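Below is one structure, written out as structure tokens; comments come after it.
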Amino acid sequence: MKRWKGRRTGLLLPLALLLFWAHSSLAWICGQEMQDRSQQQNNVSAIMGGKPANISKFPWHVGIMNHGYHLCGGSILNEWWVLSASHCFEQINKSNLEIIYGRDDLSTKNMTYQKVDKLIVHPKFDDWLLDNDIALLLLKSPLNLSINKIPICVSELSDLRSWKNCWVTGWGVTNVSGIKIQPEKLQKVQVDLYRWDWCSYLLPVLTKNMLCAGTQDAGKDACQGDSGGALVCNKKRNIATWYQVGIVSWGIGCGKKNLPGVYTKVSHYLNWIINQTAKAGKPYMYEQNSACPLVLSCWAILFLYFVMFLLTW
Ligand code: ARG
């Protein structure tokens with residue numbers, strides 16, 4: 001009996017450490033959205049043919065402001081890094097940039113901003129073809145991740161058939177005919193991924209680092225001001241987690257029939273992201289595509305608590 005008690009206390013310490021680790025890793029689970037249906041019924045049309053988006057559904061989306069004016073979108077990779085598009089930052093001084101996060105309404109008073117410590121544009125960015133249209137922004141201080149500020153996941157999966165349910169978000173213009181209307185409320189629109197061959201037939205200047213998304217019917221697309229924002233999808237096998245597959249880059253007009261929007265293909269840049277973030281002293285690691293996820297699920301944590309309860313009883 002005594003020996004069992006000794007063993008029991010011996011087991012408790014590693015178990016408590018395991019629980020502590022599980023809880024701290026839960027804090028940075030990427031690609032999770034919070035269930036909040038309060039603003040779902042709103043039907044105002046916008047992005048191009050989209051609807052207002054609630055930040056709790058797209059908690060990785062950030063706005064990048066230049067001199068206080070909306071410049072581009074971006075996405076949270078972790079507490080230090082924001083991913084965006086290179087073409088947003090031509091002739092831009094990083095000290096004039098401010099990142100707005102955890103908000104879906106740009107008209108909110110007393111918004112909190114983050115300043116940018118380092119701006120890394122891709123060295124091979126081609127401003128004519130818009131090839132390698134990707135940039136990383138290192139924040140001056142880390143974000144406090146919370147319900148409205150959650151990193152997006154990335155994945156090395158590049159086969160289009162692995163993805164479903166793709167959405168793009170942004171504060172870009174909602175109408176290109178006549179007056180350009182810039183919304184204050186974040187907009188979302190659902191789009192389909194296009195096969196590369198088909199898209200390069202429609203848009204012959206497409207490079208292999210680009211990916212197209214749009215809809216059969218005209219009118220649904222990202223547009224000016226949405227650049228840098230994330231195109232996110234679910235994996236067919238896991239609809240609970242969101243992954244960034246593209247970065248809004250360019251298009252011919254917006255929402256025109258047979259002219260899909262063009263996005264930077266994020267899966268081509270995972271090594272670049274890992275190398276650049278490590279070089280800057282704040283290494284970013286993503287969860288590799290494996291059968292066993294790095295982070296324990298809530299059920300596993302509950303199970304650990306149950307075992308702990310049995311051991312202390
Ligand atoms: N280049 C634009 C920007 O800077 C994005 C255009 C996206 N266009 C499109 N049709 N999807 O905001």
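Labeling convention for the structure tokens: chains A, B, ... as they appear, residues from 1 per chain, ligands from 1 in order of appearance.
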Give me the residues near Ile239 in chain A as a PyMOL selection string, where near means some atom within 12 Å (using only C-alpha atoms) and where sequence neighbours in that chain fewer than 4 positions away do not count. chain A and resi 31-33+162-166+232-235+243
With 7 Å as the cut-off and only C-alpha atoms and all ligand atoms counted, what is the closest atom pair between each nearby residue of chain A and ligand 1? Distances in Å to one decimal, ordered by chain and number, as CSV.
```
residue,atom,partner,partner_atom_place_in_ligand_line,distance
A:Cys72,CA,ligand 1,12 (O),6.3
A:Cys88,CA,ligand 1,4 (O),6.3
A:Gly172,CA,ligand 1,12 (O),6.5
A:Asp221,CA,ligand 1,11 (N),5.3
A:Ala222,CA,ligand 1,11 (N),4.0
A:Cys223,CA,ligand 1,8 (N),4.1
A:Gln224,CA,ligand 1,12 (O),3.6
A:Gly225,CA,ligand 1,12 (O),3.5
A:Asp226,CA,ligand 1,12 (O),4.3
A:Ser227,CA,ligand 1,12 (O),3.6
A:Val248,CA,ligand 1,7 (C),5.9
A:Ser249,CA,ligand 1,5 (C),5.1
A:Trp250,CA,ligand 1,6 (C),4.0
A:Gly251,CA,ligand 1,10 (N),3.6
A:Ile252,CA,ligand 1,10 (N),5.7
A:Gly253,CA,ligand 1,10 (N),5.3
A:Cys254,CA,ligand 1,10 (N),3.7
A:Gly255,CA,ligand 1,10 (N),6.0
A:Pro260,CA,ligand 1,10 (N),6.6
A:Gly261,CA,ligand 1,11 (N),3.5
A:Val262,CA,ligand 1,11 (N),5.8
```
As a list in words, please: the residues near range 92-99 of chain A (cut-off 8 Å, only C-alpha atoms, same-chain neighbours under 2 positions excluded). Val62, Gly63, Ile64, Met65, Asn66, His67, Gly68, Phe89, Glu90, Tyr101, Tyr113, Gln114, Lys115, Val116, Asp117, Lys118 and Leu119 of chain A
If you run DSSP on the backbone, which residues of range 94-308 of chain A are helix (DSSP H, G or I), as an NGL selection string? :A and (94-96 or 160-162 or 196-202 or 266-279 or 298-308)
I'd like the neighbourhood of range 190-202 of chain A as a ChimeraX atom specification, where a residue qualifies if any of its atoms comes within 9 Å (using only C-alpha atoms), though same-chain residues fewer than 3 positions away should be ignored. /A:50,160,163-168,205-208,210-216,220-221,231,258-260
What is the distance, in Å and to one decimal place, between CA of Ser75 in chain A and CA of Asn209 in chain A? 18.8 Å
Nearest to Pro283 in chain A among A:Trp80, A:Tyr69, A:Phe58, A:Trp242, with distances taken over only C-alpha atoms: which residue is it?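 Looking only at the distances to Pro283 in chain A, the closest residue turns out to be A:Trp80.
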Could you go through range 90-178 of chain A and tell me which residues DSSP, when run on the backbone, assigns to strand (DSSP E), listing them as a list in words?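 So the strand (DSSP E) residues in range 90-178 of chain A would be Leu97, Glu98, Ile99, Ile100, Tyr113, Gln114, Lys115, Val116, Asp117, Lys118, Leu119, Ile120, Val121, Ala135, Leu136, Leu137, Leu138, Leu139, Trp163, Lys164, Asn165, Cys166, Trp167, Val168, Thr169 and Gly170 of chain A.
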Restricting it to N, CA, C and O atoms, dump the selection as a CSV table (one decimal), in the first residue's frame.
```
chain,number,residue,atom,x,y,z
A,97,LEU,N,4.3,52.6,-40.4
A,97,LEU,CA,3.3,51.5,-40.4
A,97,LEU,C,2.7,51.2,-39.0
A,97,LEU,O,3.4,51.3,-38.0
A,98,GLU,N,1.4,50.9,-39.0
A,98,GLU,CA,0.8,50.5,-37.7
A,98,GLU,C,-0.1,49.3,-38.1
A,98,GLU,O,-0.8,49.3,-39.1
A,99,ILE,N,-0.1,48.3,-37.1
A,99,ILE,CA,-0.9,47.1,-37.4
A,99,ILE,C,-2.1,47.2,-36.4
A,99,ILE,O,-2.0,47.4,-35.2
A,100,ILE,N,-3.3,47.0,-37.0
A,100,ILE,CA,-4.6,47.0,-36.2
A,100,ILE,C,-5.0,45.5,-36.1
A,100,ILE,O,-5.0,44.8,-37.2
A,113,TYR,N,-2.7,50.0,-31.6
A,113,TYR,CA,-1.9,49.6,-32.7
A,113,TYR,C,-0.6,48.9,-32.3
A,113,TYR,O,-0.2,49.1,-31.1
A,114,GLN,N,0.0,48.2,-33.2
A,114,GLN,CA,1.4,47.7,-33.0
A,114,GLN,C,2.3,48.3,-34.0
A,114,GLN,O,1.9,48.5,-35.2
A,115,LYS,N,3.5,48.7,-33.6
A,115,LYS,CA,4.4,49.3,-34.5
A,115,LYS,C,5.3,48.1,-35.1
A,115,LYS,O,5.3,47.0,-34.5
A,116,VAL,N,5.9,48.4,-36.2
A,116,VAL,CA,6.7,47.4,-36.9
A,116,VAL,C,8.2,47.6,-36.7
A,116,VAL,O,8.7,48.7,-36.9
A,117,ASP,N,8.9,46.5,-36.3
A,117,ASP,CA,10.3,46.6,-36.0
A,117,ASP,C,11.1,46.3,-37.2
A,117,ASP,O,12.1,46.9,-37.5
A,118,LYS,N,10.6,45.3,-38.0
A,118,LYS,CA,11.4,44.9,-39.2
A,118,LYS,C,10.4,44.5,-40.3
A,118,LYS,O,9.4,43.9,-40.1
A,119,LEU,N,10.7,45.0,-41.5
A,119,LEU,CA,9.9,44.7,-42.7
A,119,LEU,C,10.8,43.9,-43.6
A,119,LEU,O,11.8,44.4,-44.1
A,120,ILE,N,10.4,42.7,-43.9
A,120,ILE,CA,11.2,41.8,-44.8
A,120,ILE,C,10.3,41.6,-46.1
A,120,ILE,O,9.3,40.8,-46.1
A,121,VAL,N,10.8,42.2,-47.2
A,121,VAL,CA,10.1,41.9,-48.5
A,121,VAL,C,10.9,40.8,-49.2
A,121,VAL,O,12.1,40.7,-48.9
A,135,ALA,N,5.6,39.2,-47.9
A,135,ALA,CA,6.4,40.0,-47.0
A,135,ALA,C,6.1,39.6,-45.6
A,135,ALA,O,5.0,39.1,-45.3
A,136,LEU,N,7.1,39.8,-44.7
A,136,LEU,CA,7.0,39.4,-43.3
A,136,LEU,C,7.2,40.7,-42.5
A,136,LEU,O,8.1,41.5,-42.8
A,137,LEU,N,6.4,40.9,-41.5
A,137,LEU,CA,6.5,42.1,-40.6
A,137,LEU,C,6.8,41.6,-39.2
A,137,LEU,O,5.9,40.8,-38.7
A,138,LEU,N,7.9,42.0,-38.6
A,138,LEU,CA,8.2,41.7,-37.2
A,138,LEU,C,7.7,42.8,-36.4
A,138,LEU,O,8.0,44.0,-36.6
A,139,LEU,N,6.9,42.5,-35.4
A,139,LEU,CA,6.3,43.5,-34.5
A,139,LEU,C,7.3,44.0,-33.5
A,139,LEU,O,8.2,43.2,-33.1
A,163,TRP,N,-8.2,20.9,-50.4
A,163,TRP,CA,-8.8,22.0,-49.7
A,163,TRP,C,-10.3,22.2,-50.0
A,163,TRP,O,-10.7,21.8,-51.1
A,164,LYS,N,-11.0,22.7,-49.1
A,164,LYS,CA,-12.4,23.1,-49.4
A,164,LYS,C,-12.8,24.3,-48.5
A,164,LYS,O,-12.1,24.7,-47.6
A,165,ASN,N,-13.9,24.9,-48.9
A,165,ASN,CA,-14.5,26.0,-48.1
A,165,ASN,C,-13.5,27.2,-47.9
A,165,ASN,O,-13.0,27.5,-46.8
A,166,CYS,N,-13.2,27.8,-49.0
A,166,CYS,CA,-12.1,28.9,-49.0
A,166,CYS,C,-12.8,30.3,-48.9
A,166,CYS,O,-13.7,30.6,-49.6
A,167,TRP,N,-12.2,31.2,-48.1
A,167,TRP,CA,-12.7,32.5,-47.9
A,167,TRP,C,-11.5,33.5,-47.9
A,167,TRP,O,-10.4,33.2,-47.6
A,168,VAL,N,-11.9,34.7,-48.4
A,168,VAL,CA,-10.9,35.8,-48.3
A,168,VAL,C,-11.6,37.0,-47.6
A,168,VAL,O,-12.8,37.2,-47.7
A,169,THR,N,-10.8,37.7,-46.9
A,169,THR,CA,-11.3,38.8,-46.1
A,169,THR,C,-10.5,40.1,-46.4
A,169,THR,O,-9.3,40.0,-46.8
A,170,GLY,N,-11.1,41.3,-46.1
A,170,GLY,CA,-10.4,42.5,-46.3
A,170,GLY,C,-11.2,43.7,-46.2
A,170,GLY,O,-12.4,43.7,-46.1
```
Env of Gln182 in chain A: 8 Å cut, atoms = only C-alpha atoms, seq-sep filter 5 positions within chain, self excluded. Answer as a ChimeraX atom specification. /A:171-174
Write the residues of the selection above to a file with N, CA, C and O atoms, as a JSON list (two decimals), in the first residue's frame.
```json
[["chain", "number", "residue", "atom", "x", "y", "z"],
["A", 171, "TRP", "N", -10.48, 44.87, -46.07],
["A", 171, "TRP", "CA", -11.11, 46.19, -46.01],
["A", 171, "TRP", "C", -10.99, 46.90, -47.36],
["A", 171, "TRP", "O", -11.04, 48.11, -47.44],
["A", 172, "GLY", "N", -10.79, 46.11, -48.43],
["A", 172, "GLY", "CA", -10.63, 46.70, -49.76],
["A", 172, "GLY", "C", -11.95, 47.23, -50.30],
["A", 172, "GLY", "O", -13.01, 47.05, -49.69],
["A", 173, "VAL", "N", -11.88, 47.86, -51.48],
["A", 173, "VAL", "CA", -13.08, 48.49, -52.04],
["A", 173, "VAL", "C", -14.14, 47.44, -52.38],
["A", 173, "VAL", "O", -13.83, 46.30, -52.70],
["A", 174, "THR", "N", -15.39, 47.86, -52.31],
["A", 174, "THR", "CA", -16.49, 46.92, -52.50],
["A", 174, "THR", "C", -17.16, 47.14, -53.85],
["A", 174, "THR", "O", -18.11, 46.45, -54.19]]
```
Taking 2 positions as the minimum chain separation for residues in the same chain, which residues sit within 7 Å of Leu143 in chain A when counting only C-alpha atoms? Answer as an NGL selection string. :A and (79-80 or 141 or 145)
With only C-alpha atoms counted and 7 Å as the cut-off, give the residues of range 33-123 of chain A in contact with range 150-156 of chain A, each with its shortest interatomic distance in Å and the pair that gives it, as JSON lines.
```
{"residue": "A:Pro59", "atom": "CA", "partner": "A:Ile150", "partner_atom": "CA", "distance": 5.2}
{"residue": "A:Trp60", "atom": "CA", "partner": "A:Pro151", "partner_atom": "CA", "distance": 5.1}
{"residue": "A:Ser75", "atom": "CA", "partner": "A:Ile152", "partner_atom": "CA", "distance": 7.0}
{"residue": "A:Ile76", "atom": "CA", "partner": "A:Pro151", "partner_atom": "CA", "distance": 4.8}
{"residue": "A:Leu77", "atom": "CA", "partner": "A:Pro151", "partner_atom": "CA", "distance": 4.9}
{"residue": "A:Asn78", "atom": "CA", "partner": "A:Pro151", "partner_atom": "CA", "distance": 5.3}
```
Could you check which of A:Ser146, A:Thr312, A:Ser86, A:Thr277 is closest to Ile55 in chain A, using only C-alpha atoms? A:Ser146
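Take the candidates A:Tyr286, A:Gln187, A:Phe309, A:Gly228 and check each one against Leu71 in chain A using only C-alpha atoms; the shortest distance goes to A:Gly228.
The space between CA of Asp105 in chain A and CA of Pro183 in chain A spans 8.8 Å.
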Just how far from CA of Cys30 in chain A is CA of Pro123 in chain A, in Å to one decimal?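 About the pair CA of Pro123 in chain A and CA of Cys30 in chain A: they are 27.6 Å apart.
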